[in-house]
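Chemist: Have a look at this one before I ask anything.
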Amino acid sequence: MDDDDVSARKGSFRKFLEHLSGAGKAIGVLTSGGDAQGMNAAVRAVVRMGIYVGAKVYFIYEGYQGMVDGGSNIVEANWESVSSILQVGGTIIGSARCKAFRTREGRLKAAGNLVQRGITNLCVIGGDGSLTGANIFRKEWSGLLKELAENGDIDREEVQKHAYLNVVGMVGSIDNDFCGTDMTIGTDSALHRIIEVVDAIMTTAQSHQRTFVLEVMGRHCGYLALVSALACGADWVFLPESPPEEGWQENMCIKLSENRARKKRLNIIIVAEGAIDTQNKPITSEQIKELVVTQLGYDTRVTILGHVQRGGTPSAFDRILASRMGVEAVVALLQATPETPACVVSLSGNQAVRLPLLECVQMTQDVQKAMDERRFKDAVRLRGRSFESNLNTYKRLAIKMPDDQIPKSNCNVAVINVGAPAAGMNAAVRSAVRVGISEGHKMFAIYDGFEGFAKGQIKEIGWADVGGWTGQGGSILGTKRTLPGKSLEAIAEQMRTHSINALLIIGGFEAFEGSVLLAQARDSHQEFCVPVCIVPATISNNVPGSDISMGSDTGLNVLVETCDRIKQSASGTKRRVFIIETMGGYCGYLANMGALAAGADAAYIFEEPFDIRDLQANVEHLTEKMKTTIQRGLVLRNESCSEHYTTDFIYHLYSEEGKGVFDCRKNVLGHMQQGGAPSPFDRNFGTKISARAMQWLSTKLKEAQGKGKRFVTDDSICVLGISKRNLLFQPVAQLKKETDFEHRIPKEQWWLKLRPLMKILAKYKASYEVSDPGQLEHVHHRGHEEPAAI
């Protein structure tokens, strides 16, 4: 690798965290309202980033109650205070409802307790109630300080010195009920709990031909119910924002009996705890059970998940989200001026953004108002385009229209899996097949990748054939890494034989490379002059044109769960360092993001070249760490990060250099990262992105109808992926220029910007790029592009 390559790869880190010092500042961090998995990761990030920039950081125990009570409830935190909390659910600093803080008298006490310690920066992790309370406190701050001075509780100088209070919020809520952010901290973990239960229930339901009614949390918001229904292919779902139409009882029973008639041995009905009918009357799980038993006579059981959804360890997604938001919150506090309104750090697509707290709260309240006034279409729209698109996708996939009502397109569309297996592939195939059928196409499944394509392993596939596919790992269609280069002639012949008018390719880098070859072969084979869409699916997350690939979230969760177990084993044996090798080819995504989510000390990746001096510095860093109370280390190495610094080499080097201070163990995770049931994120992502790809193919085919059009332009072979905040279709011809084919990675990768964040949280000096440019945005601002919300 030459010097230009190295400087290009290091270019991502050139923007420094300039003029941003926390010296002399004090930050208070509290968690309030209901707990949510990932809150501890957020607390850890606030504490460590705060200390890193030179500020004092204080834990405020028991939420606002601790702020009002003061004393031992407000304690300065140090680096080690937040060690080993990343993988812990709930919140280590406690959370409580507080009546006193709702009164001015209570807020006066709280202000006195903060001023005593010089705290004028507040980081609040909670729901809309907690954040609204913080905003009222901020507005009253100067008045409260004057009153404290008049009462003789503080000096006049203190009033001037601590003249204004900065507030930054992060939303911790499993319900995902806060407008302005695509995901709240804890939502993804709650979905993990729900899907674990659904997967377990489906096996017993299948054995006994039972119907299960599952009640999930969501008093005012149906997000958990909707996404879990999408992720498990539930027969029916009840949401507060979108009540069923009049006569739903009969429609639901017809739907359940139709599914049984298609040889389906079980039914799953998901109910949000706040489900209502169009008259705003509650629909309960018991009511639904009675209906099914009375009308259909099916053996029916009710399972109420309750607080299980709030428990357990946070998912990889929540740890990364909370860590990013925690760091961003500290930066926002340090950049704030007396004129800056209280803000919320939110997630938009794949980017952290800052939004005015009041606007978000107002919009959240508007949703509730619309529901109270029975304006349900408005409620769905106000929840955001992601919620709306989830709901529309669910309806399309769950309810099959009668054949005579679907206008026939007379088009044949084929679906193929290419590359290594990735979790979510089956959910994507199911979604493509059902959307294709509802668009009037004849759907064909190609088995065993391009190899099977060339041999004619192609069959028509129907609606019922893909039932129950969402929770299956791997690839039911079979997938191979073989490229189509040598068998283009045979593939063209198969396309001609089966009259294939469009192709959906679900796969990894081979899928991208294969589509490049198909595009090049259009001149010599007119059969390839059809619309082609590539949906990225690989744990390596190395497909150009998408920030996130299907399967990478499942791979990351497997990696993080393994690291958690290893860390637990290491904490039992003091002074031990584990070297873990991850998959990913030349792409360091799994190693880097796994290190961030697992709290590793170092991650070696190909994209950031390292030498023996870096390895030596890491050993010295770990030697220093062993002198503290945190006597364990975790080092991740991407499998192809270096030809010479192999996992064995690094293991032997650390063992030798650490002799007498720590001992070493190594672990190669291998294909474990590909396997297992797909995560809720991958099921949902695969379902939604594949449905969108089919709609795009249908649009292309409709445009050409009756014109006998051949597709030869670049924009008829595209990759569909998330790019920053949007879902984009990008021509393969354009992406070719942005690809390093030798190392099978995009030339620019967004996640490299998060690399310094991992280093900072592991106590290394690093230059962190401040979000561009740290300005407040408005909630209502939406571009013309499609949102990339999950």
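Each chain in the structure tokens gets a letter, A, B, ..., in the order shown, and its residues are numbered from 1; ligands are numbered from 1 in order too.
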Under the rule of at most 12 Å, produce a per-residue listing of region 473-577 of chain A near region 181-205 of chain A: chain, number, name, the closest pair of atoms, and the distance in Å, as CSV, using only C-alpha atoms.

Modeler:
residue,atom,partner,partner_atom,distance
A:Asp553,CA,A:Asp188,CA,10.9
A:Thr554,CA,A:His192,CA,10.9
A:Asn557,CA,A:His192,CA,10.5

Chemist: Taking 3 positions as the minimum chain separation for residues in the same chain, which residues sit within 9 Å of Asn426 (chain A) when counting only C-alpha atoms? Answer as an mmCIF file with N, CA, C and O atoms, in the first residue's frame.

Modeler:
data_model
loop_
_atom_site.group_PDB
_atom_site.id
_atom_site.type_symbol
_atom_site.label_atom_id
_atom_site.label_comp_id
_atom_site.auth_asym_id
_atom_site.auth_seq_id
_atom_site.Cartn_x
_atom_site.Cartn_y
_atom_site.Cartn_z
ATOM 1 N N ALA A 422 -26.356 -14.571 4.522
ATOM 2 C CA ALA A 422 -26.463 -13.450 5.467
ATOM 3 C C ALA A 422 -27.856 -13.466 6.076
ATOM 4 O O ALA A 422 -28.849 -13.695 5.368
ATOM 5 N N ALA A 423 -27.933 -13.252 7.375
ATOM 6 C CA ALA A 423 -29.226 -13.237 8.063
ATOM 7 C C ALA A 423 -30.110 -12.142 7.470
ATOM 8 O O ALA A 423 -29.653 -11.033 7.234
ATOM 9 N N VAL A 429 -36.453 -12.262 0.565
ATOM 10 C CA VAL A 429 -37.059 -13.049 -0.527
ATOM 11 C C VAL A 429 -38.581 -13.106 -0.331
ATOM 12 O O VAL A 429 -39.353 -12.890 -1.268
ATOM 13 N N ARG A 430 -39.014 -13.379 0.909
ATOM 14 C CA ARG A 430 -40.465 -13.432 1.200
ATOM 15 C C ARG A 430 -41.143 -12.127 0.793
ATOM 16 O O ARG A 430 -42.178 -12.114 0.130
ATOM 17 N N SER A 431 -40.521 -11.029 1.207
ATOM 18 C CA SER A 431 -41.075 -9.706 0.929
ATOM 19 C C SER A 431 -41.159 -9.458 -0.579
ATOM 20 O O SER A 431 -42.186 -9.010 -1.095
ATOM 21 N N VAL A 466 -43.602 -18.880 0.714
ATOM 22 C CA VAL A 466 -42.619 -18.131 1.512
ATOM 23 C C VAL A 466 -43.131 -17.839 2.922
ATOM 24 O O VAL A 466 -42.546 -17.061 3.666
ATOM 25 N N TRP A 469 -40.867 -17.558 6.521
ATOM 26 C CA TRP A 469 -39.452 -17.425 6.146
ATOM 27 C C TRP A 469 -38.701 -16.354 6.942
ATOM 28 O O TRP A 469 -37.476 -16.390 6.994
ATOM 29 N N THR A 470 -39.421 -15.391 7.539
ATOM 30 C CA THR A 470 -38.712 -14.225 8.107
ATOM 31 C C THR A 470 -37.717 -14.594 9.205
ATOM 32 O O THR A 470 -36.665 -13.980 9.317
ATOM 33 N N GLY A 471 -38.044 -15.588 10.009
ATOM 34 C CA GLY A 471 -37.165 -15.908 11.146
ATOM 35 C C GLY A 471 -36.080 -16.914 10.832
ATOM 36 O O GLY A 471 -35.295 -17.277 11.720
ATOM 37 N N GLN A 472 -36.009 -17.380 9.576
ATOM 38 C CA GLN A 472 -35.015 -18.402 9.215
ATOM 39 C C GLN A 472 -33.663 -17.761 8.893
ATOM 40 O O GLN A 472 -33.605 -16.797 8.138
ATOM 41 N N GLY A 473 -32.601 -18.328 9.450
ATOM 42 C CA GLY A 473 -31.249 -17.839 9.142
ATOM 43 C C GLY A 473 -30.753 -18.404 7.825
ATOM 44 O O GLY A 473 -31.404 -19.262 7.220
ATOM 45 N N GLY A 474 -29.602 -17.934 7.368
ATOM 46 C CA GLY A 474 -29.006 -18.452 6.132
ATOM 47 C C GLY A 474 -29.829 -18.085 4.907
ATOM 48 O O GLY A 474 -30.503 -17.073 4.876
ATOM 49 N N SER A 475 -29.770 -18.964 3.891
ATOM 50 C CA SER A 475 -30.503 -18.712 2.647
ATOM 51 C C SER A 475 -31.229 -19.984 2.222
ATOM 52 O O SER A 475 -30.599 -20.990 1.890
ATOM 53 N N ILE A 476 -32.573 -19.936 2.253
ATOM 54 C CA ILE A 476 -33.367 -21.107 1.868
ATOM 55 C C ILE A 476 -33.203 -21.397 0.370
ATOM 56 O O ILE A 476 -33.196 -22.548 -0.053
ATOM 57 N N LEU A 477 -33.036 -20.337 -0.434
ATOM 58 C CA LEU A 477 -32.856 -20.542 -1.881
ATOM 59 C C LEU A 477 -31.480 -21.118 -2.198
ATOM 60 O O LEU A 477 -31.227 -21.570 -3.308
ATOM 61 N N ARG A 683 -34.384 -8.532 9.991
ATOM 62 C CA ARG A 683 -35.675 -8.995 9.454
ATOM 63 C C ARG A 683 -36.470 -7.812 8.900
ATOM 64 O O ARG A 683 -37.026 -7.867 7.807
ATOM 65 N N GLY A 686 -34.548 -6.139 5.888
ATOM 66 C CA GLY A 686 -34.666 -6.994 4.699
ATOM 67 C C GLY A 686 -36.060 -6.914 4.098
ATOM 68 O O GLY A 686 -36.233 -6.809 2.878
ATOM 69 N N THR A 687 -37.070 -6.935 4.968
ATOM 70 C CA THR A 687 -38.463 -6.886 4.511
ATOM 71 C C THR A 687 -38.755 -5.564 3.802
ATOM 72 O O THR A 687 -39.303 -5.531 2.704
#

Chemist: As a ChimeraX atom specification, please: all residues of region 420-501 of chain A that backbone DSSP puts in strand (DSSP E).

Modeler: /A:442-446,458-460

Chemist: Once you have the residues from the selection above, write them out as a PDB file, in the first residue's frame, restricted to N, CA and C atoms.

Modeler:
ATOM      1  N   LYS A 442     -45.520 -12.558 -12.205  1.00  0.00           N
ATOM      2  CA  LYS A 442     -45.274 -13.968 -11.916  1.00  0.00           C
ATOM      3  C   LYS A 442     -43.870 -14.017 -11.319  1.00  0.00           C
ATOM      4  N   MET A 443     -43.729 -14.599 -10.125  1.00  0.00           N
ATOM      5  CA  MET A 443     -42.425 -14.575  -9.432  1.00  0.00           C
ATOM      6  C   MET A 443     -41.691 -15.909  -9.596  1.00  0.00           C
ATOM      7  N   PHE A 444     -40.392 -15.815  -9.857  1.00  0.00           N
ATOM      8  CA  PHE A 444     -39.553 -17.014 -10.003  1.00  0.00           C
ATOM      9  C   PHE A 444     -38.396 -16.975  -8.994  1.00  0.00           C
ATOM     10  N   ALA A 445     -38.110 -18.115  -8.406  1.00  0.00           N
ATOM     11  CA  ALA A 445     -36.976 -18.225  -7.492  1.00  0.00           C
ATOM     12  C   ALA A 445     -35.846 -18.941  -8.220  1.00  0.00           C
ATOM     13  N   ILE A 446     -34.632 -18.368  -8.110  1.00  0.00           N
ATOM     14  CA  ILE A 446     -33.446 -19.007  -8.706  1.00  0.00           C
ATOM     15  C   ILE A 446     -32.649 -19.617  -7.555  1.00  0.00           C
ATOM     16  N   ILE A 458     -34.594 -23.042 -11.714  1.00  0.00           N
ATOM     17  CA  ILE A 458     -35.527 -21.913 -11.585  1.00  0.00           C
ATOM     18  C   ILE A 458     -36.942 -22.459 -11.460  1.00  0.00           C
ATOM     19  N   LYS A 459     -37.685 -21.974 -10.442  1.00  0.00           N
ATOM     20  CA  LYS A 459     -39.068 -22.441 -10.266  1.00  0.00           C
ATOM     21  C   LYS A 459     -39.965 -21.257  -9.966  1.00  0.00           C
ATOM     22  N   GLU A 460     -41.206 -21.365 -10.383  1.00  0.00           N
ATOM     23  CA  GLU A 460     -42.168 -20.321  -9.988  1.00  0.00           C
ATOM     24  C   GLU A 460     -42.422 -20.465  -8.488  1.00  0.00           C
TER      25      GLU A 460
END

Chemist: Pick from A:Gln160, A:Gln351, A:Ser242, A:Ser642: nearest to Gly143 (chain A), with only C-alpha atoms counted?

Modeler: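 Answer, going by the shortest atom-to-atom distance: A:Gln160.
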
Chemist: Counting only C-alpha atoms, which of A:Asn176, A:Ser142, A:Ser389, A:Thr646 gets nearest to Ser346 (chain A)?

Modeler: A:Asn176

Chemist: Set the distance at 9 Å and use only C-alpha atoms: which residues neighbour Cys411 (chain A) once local chain neighbours fewer than 6 positions away are removed? I'd like the list as a count of residues only.

Modeler: 9

Chemist: Would you kindly return, as JSON, numbers by chain, each protein, DNA or RNA residue with an atom no farther than 9 Å from any atom of Ala691 (chain A), considering only C-alpha atoms and excluding same-chain residues fewer than 5 positions away?

Modeler: {"A": [393, 397, 428, 431, 432, 433, 434, 435, 436, 686, 696]}

Chemist: Output C-alpha atoms of each residue in that selection to a file, as a compact mmCIF listing (two decimals), in the first residue's frame.

Modeler:
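Generated output (selection-v2.txt):
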# COMPACT_ATOMS: atom_id res chain seq x y z
CA THR A 393 -45.49 -2.74 3.95
CA LEU A 397 -47.36 -8.61 2.94
CA ALA A 428 -36.06 -10.22 1.86
CA SER A 431 -41.07 -9.71 0.93
CA ALA A 432 -40.03 -9.57 -2.76
CA VAL A 433 -42.22 -12.54 -3.70
CA ARG A 434 -45.34 -11.20 -1.95
CA VAL A 435 -44.94 -7.62 -3.19
CA GLY A 436 -44.27 -8.95 -6.70
CA GLY A 686 -34.67 -6.99 4.70
CA TRP A 696 -38.92 0.18 -8.21

Chemist: Find, counting only C-alpha atoms, the residue in A:Ala234, A:Glu620, A:Val719, A:Leu224 that gets nearest to Phe387 (chain A).

Modeler: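 Under the stated criterion, the closest residue is A:Leu224.
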
Chemist: Return the single residue from A:Pro407, A:Gly106, A:Gly424, A:Gly172 that is closest to Gly129 (chain A), with distances computed using only C-alpha atoms.

Modeler: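 Once distances to Gly129 (chain A) are computed over only C-alpha atoms, the minimum belongs to A:Gly172.
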
Chemist: Got a sec: who's within 9 Å of Phe711 (chain A), counting only C-alpha atoms, leaving out chain neighbours fewer than 4 positions off, as number ranges by chain?

Modeler: A: 528-531, 704, 715-717

Chemist: Using only C-alpha atoms for the distances, tell me which of A:Phe450, A:Tyr61, A:Trp248, A:Phe317 is nearest to Lys486 (chain A).

Modeler: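 Smallest separation from Lys486 (chain A) among the options: A:Phe450.
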
Chemist: Hey, what's within 12 Å of Gln520 (chain A) if we count only C-alpha atoms and toss same-chain stuff fewer than 4 positions away? As a compact mmCIF listing (two decimals) with N, CA and C atoms, in the first residue's frame, please?

Modeler:
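Final output, saved to part-v6.txt:
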# COMPACT_ATOMS: atom_id res chain seq x y z
N PRO A 484 -20.95 -14.67 -12.52
CA PRO A 484 -21.58 -15.18 -13.75
C PRO A 484 -20.67 -15.16 -14.98
N GLY A 485 -19.43 -14.62 -14.83
CA GLY A 485 -18.54 -14.41 -15.97
C GLY A 485 -18.48 -15.54 -16.98
N LEU A 488 -22.24 -16.62 -18.78
CA LEU A 488 -23.17 -15.58 -19.26
C LEU A 488 -24.09 -16.11 -20.36
N GLU A 513 -20.57 -7.29 -7.95
CA GLU A 513 -19.64 -7.60 -9.05
C GLU A 513 -20.37 -8.32 -10.20
N GLY A 514 -21.27 -9.23 -9.83
CA GLY A 514 -22.04 -9.97 -10.83
C GLY A 514 -22.90 -9.03 -11.66
N SER A 515 -23.49 -8.01 -11.01
CA SER A 515 -24.34 -7.06 -11.74
C SER A 515 -23.50 -6.19 -12.68
N VAL A 516 -22.25 -5.91 -12.28
CA VAL A 516 -21.33 -5.16 -13.16
C VAL A 516 -21.09 -5.97 -14.44
N SER A 524 -23.73 -7.78 -25.91
CA SER A 524 -23.69 -9.06 -26.62
C SER A 524 -24.90 -9.96 -26.31
N HIS A 525 -25.62 -9.68 -25.19
CA HIS A 525 -26.79 -10.49 -24.83
C HIS A 525 -27.96 -9.57 -24.51
N GLN A 526 -28.89 -9.46 -25.41
CA GLN A 526 -30.00 -8.53 -25.17
C GLN A 526 -30.91 -8.98 -24.02
N PHE A 528 -30.07 -9.43 -21.11
CA PHE A 528 -29.71 -8.70 -19.88
C PHE A 528 -30.21 -7.25 -19.90
N CYS A 529 -30.88 -6.86 -20.97
CA CYS A 529 -31.41 -5.49 -21.07
C CYS A 529 -32.76 -5.41 -20.35
N VAL A 712 -31.26 -0.21 -21.43
CA VAL A 712 -29.82 -0.17 -21.71
C VAL A 712 -29.12 0.96 -20.93
N THR A 713 -29.90 1.84 -20.30
CA THR A 713 -29.28 2.98 -19.59
C THR A 713 -28.72 2.53 -18.24
N ASP A 714 -27.76 3.32 -17.74
CA ASP A 714 -27.11 3.01 -16.46
C ASP A 714 -28.11 2.92 -15.31
N ILE A 717 -29.76 -0.52 -13.85
CA ILE A 717 -29.09 -1.50 -12.97
C ILE A 717 -28.59 -0.72 -11.76
N VAL A 732 -25.04 1.08 -10.81
CA VAL A 732 -23.83 0.28 -10.62
C VAL A 732 -22.66 0.93 -11.37
N ALA A 733 -22.94 1.51 -12.54
CA ALA A 733 -21.89 2.14 -13.36
C ALA A 733 -21.22 3.28 -12.58
N LYS A 736 -19.16 1.81 -9.52
CA LYS A 736 -17.90 1.16 -9.94
C LYS A 736 -16.70 2.07 -9.70

Chemist: Pick out the closest residue to Ala332 (chain A) from this set: A:Leu214, A:Ile605, A:Leu752, A:Leu122. Count only C-alpha atoms.

Modeler: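 Comparing A:Leu214, A:Ile605, A:Leu752, A:Leu122 against Ala332 (chain A), the winner is A:Leu122.
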
Chemist: Quick one: pick out all alpha helix (DSSP H) residues within region 274-417 of chain A from a backbone DSSP run and write them as a VMD selection string.

Modeler: chain A and resid 285 to 296 316 to 335 357 to 372 376 to 382 385 to 398

Chemist: What does the file look like for those residues with C-alpha atoms, as a compact mmCIF listing (two decimals), in the first residue's frame?

Modeler:
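Just written: out_4.txt:
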# COMPACT_ATOMS: atom_id res chain seq x y z
CA SER A 285 -55.89 -9.44 24.30
CA GLU A 286 -58.53 -11.34 26.30
CA GLN A 287 -61.27 -9.88 24.06
CA ILE A 288 -59.42 -11.11 20.97
CA LYS A 289 -58.92 -14.57 22.48
CA GLU A 290 -62.66 -14.84 23.29
CA LEU A 291 -63.52 -13.83 19.74
CA VAL A 292 -61.21 -16.46 18.15
CA VAL A 293 -62.42 -19.22 20.47
CA THR A 294 -66.12 -18.37 20.01
CA GLN A 295 -66.07 -17.79 16.24
CA LEU A 296 -63.47 -20.30 15.08
CA ALA A 316 -25.32 -3.96 19.57
CA PHE A 317 -27.45 -1.32 17.78
CA ASP A 318 -28.52 0.29 21.08
CA ARG A 319 -24.97 0.35 22.45
CA ILE A 320 -23.62 2.04 19.33
CA LEU A 321 -26.58 4.45 19.12
CA ALA A 322 -26.29 5.41 22.81
CA SER A 323 -22.48 5.82 22.58
CA ARG A 324 -22.79 8.06 19.50
CA MET A 325 -25.55 10.12 21.11
CA GLY A 326 -23.70 10.44 24.44
CA VAL A 327 -20.58 11.83 22.75
CA GLU A 328 -22.69 14.14 20.56
CA ALA A 329 -24.57 15.38 23.67
CA VAL A 330 -21.31 16.45 25.36
CA VAL A 331 -20.17 18.24 22.19
CA ALA A 332 -23.58 19.99 21.99
CA LEU A 333 -23.30 21.11 25.64
CA LEU A 334 -19.81 22.53 25.08
CA GLN A 335 -20.91 24.37 21.94
CA LEU A 357 -36.48 19.88 22.24
CA LEU A 358 -39.72 21.89 22.28
CA GLU A 359 -40.50 21.11 18.62
CA CYS A 360 -40.05 17.37 19.21
CA VAL A 361 -42.20 17.40 22.35
CA GLN A 362 -44.91 19.43 20.57
CA MET A 363 -45.03 17.01 17.66
CA THR A 364 -45.16 14.01 20.05
CA GLN A 365 -48.13 15.63 21.82
CA ASP A 366 -49.78 16.35 18.44
CA VAL A 367 -49.83 12.59 17.71
CA GLN A 368 -51.70 11.92 20.96
CA LYS A 369 -54.11 14.79 20.24
CA ALA A 370 -54.86 13.38 16.77
CA MET A 371 -55.58 9.96 18.31
CA ASP A 372 -57.83 11.47 21.00
CA PHE A 376 -56.03 8.38 12.88
CA LYS A 377 -54.61 9.10 9.41
CA ASP A 378 -53.03 12.26 10.83
CA ALA A 379 -51.65 10.28 13.80
CA VAL A 380 -49.90 7.82 11.44
CA ARG A 381 -48.55 10.67 9.30
CA LEU A 382 -47.25 12.58 12.35
CA ARG A 385 -42.66 8.43 7.13
CA SER A 386 -40.86 5.42 8.55
CA PHE A 387 -43.88 4.41 10.67
CA GLU A 388 -46.19 4.98 7.71
CA SER A 389 -44.04 2.91 5.36
CA ASN A 390 -43.79 0.09 7.97
CA LEU A 391 -47.58 0.02 8.19
CA ASN A 392 -48.10 0.01 4.41
CA THR A 393 -45.49 -2.74 3.95
CA TYR A 394 -47.13 -4.88 6.66
CA LYS A 395 -50.56 -4.56 5.01
CA ARG A 396 -49.17 -5.56 1.61
CA LEU A 397 -47.36 -8.61 2.94
CA ALA A 398 -49.95 -9.89 5.41
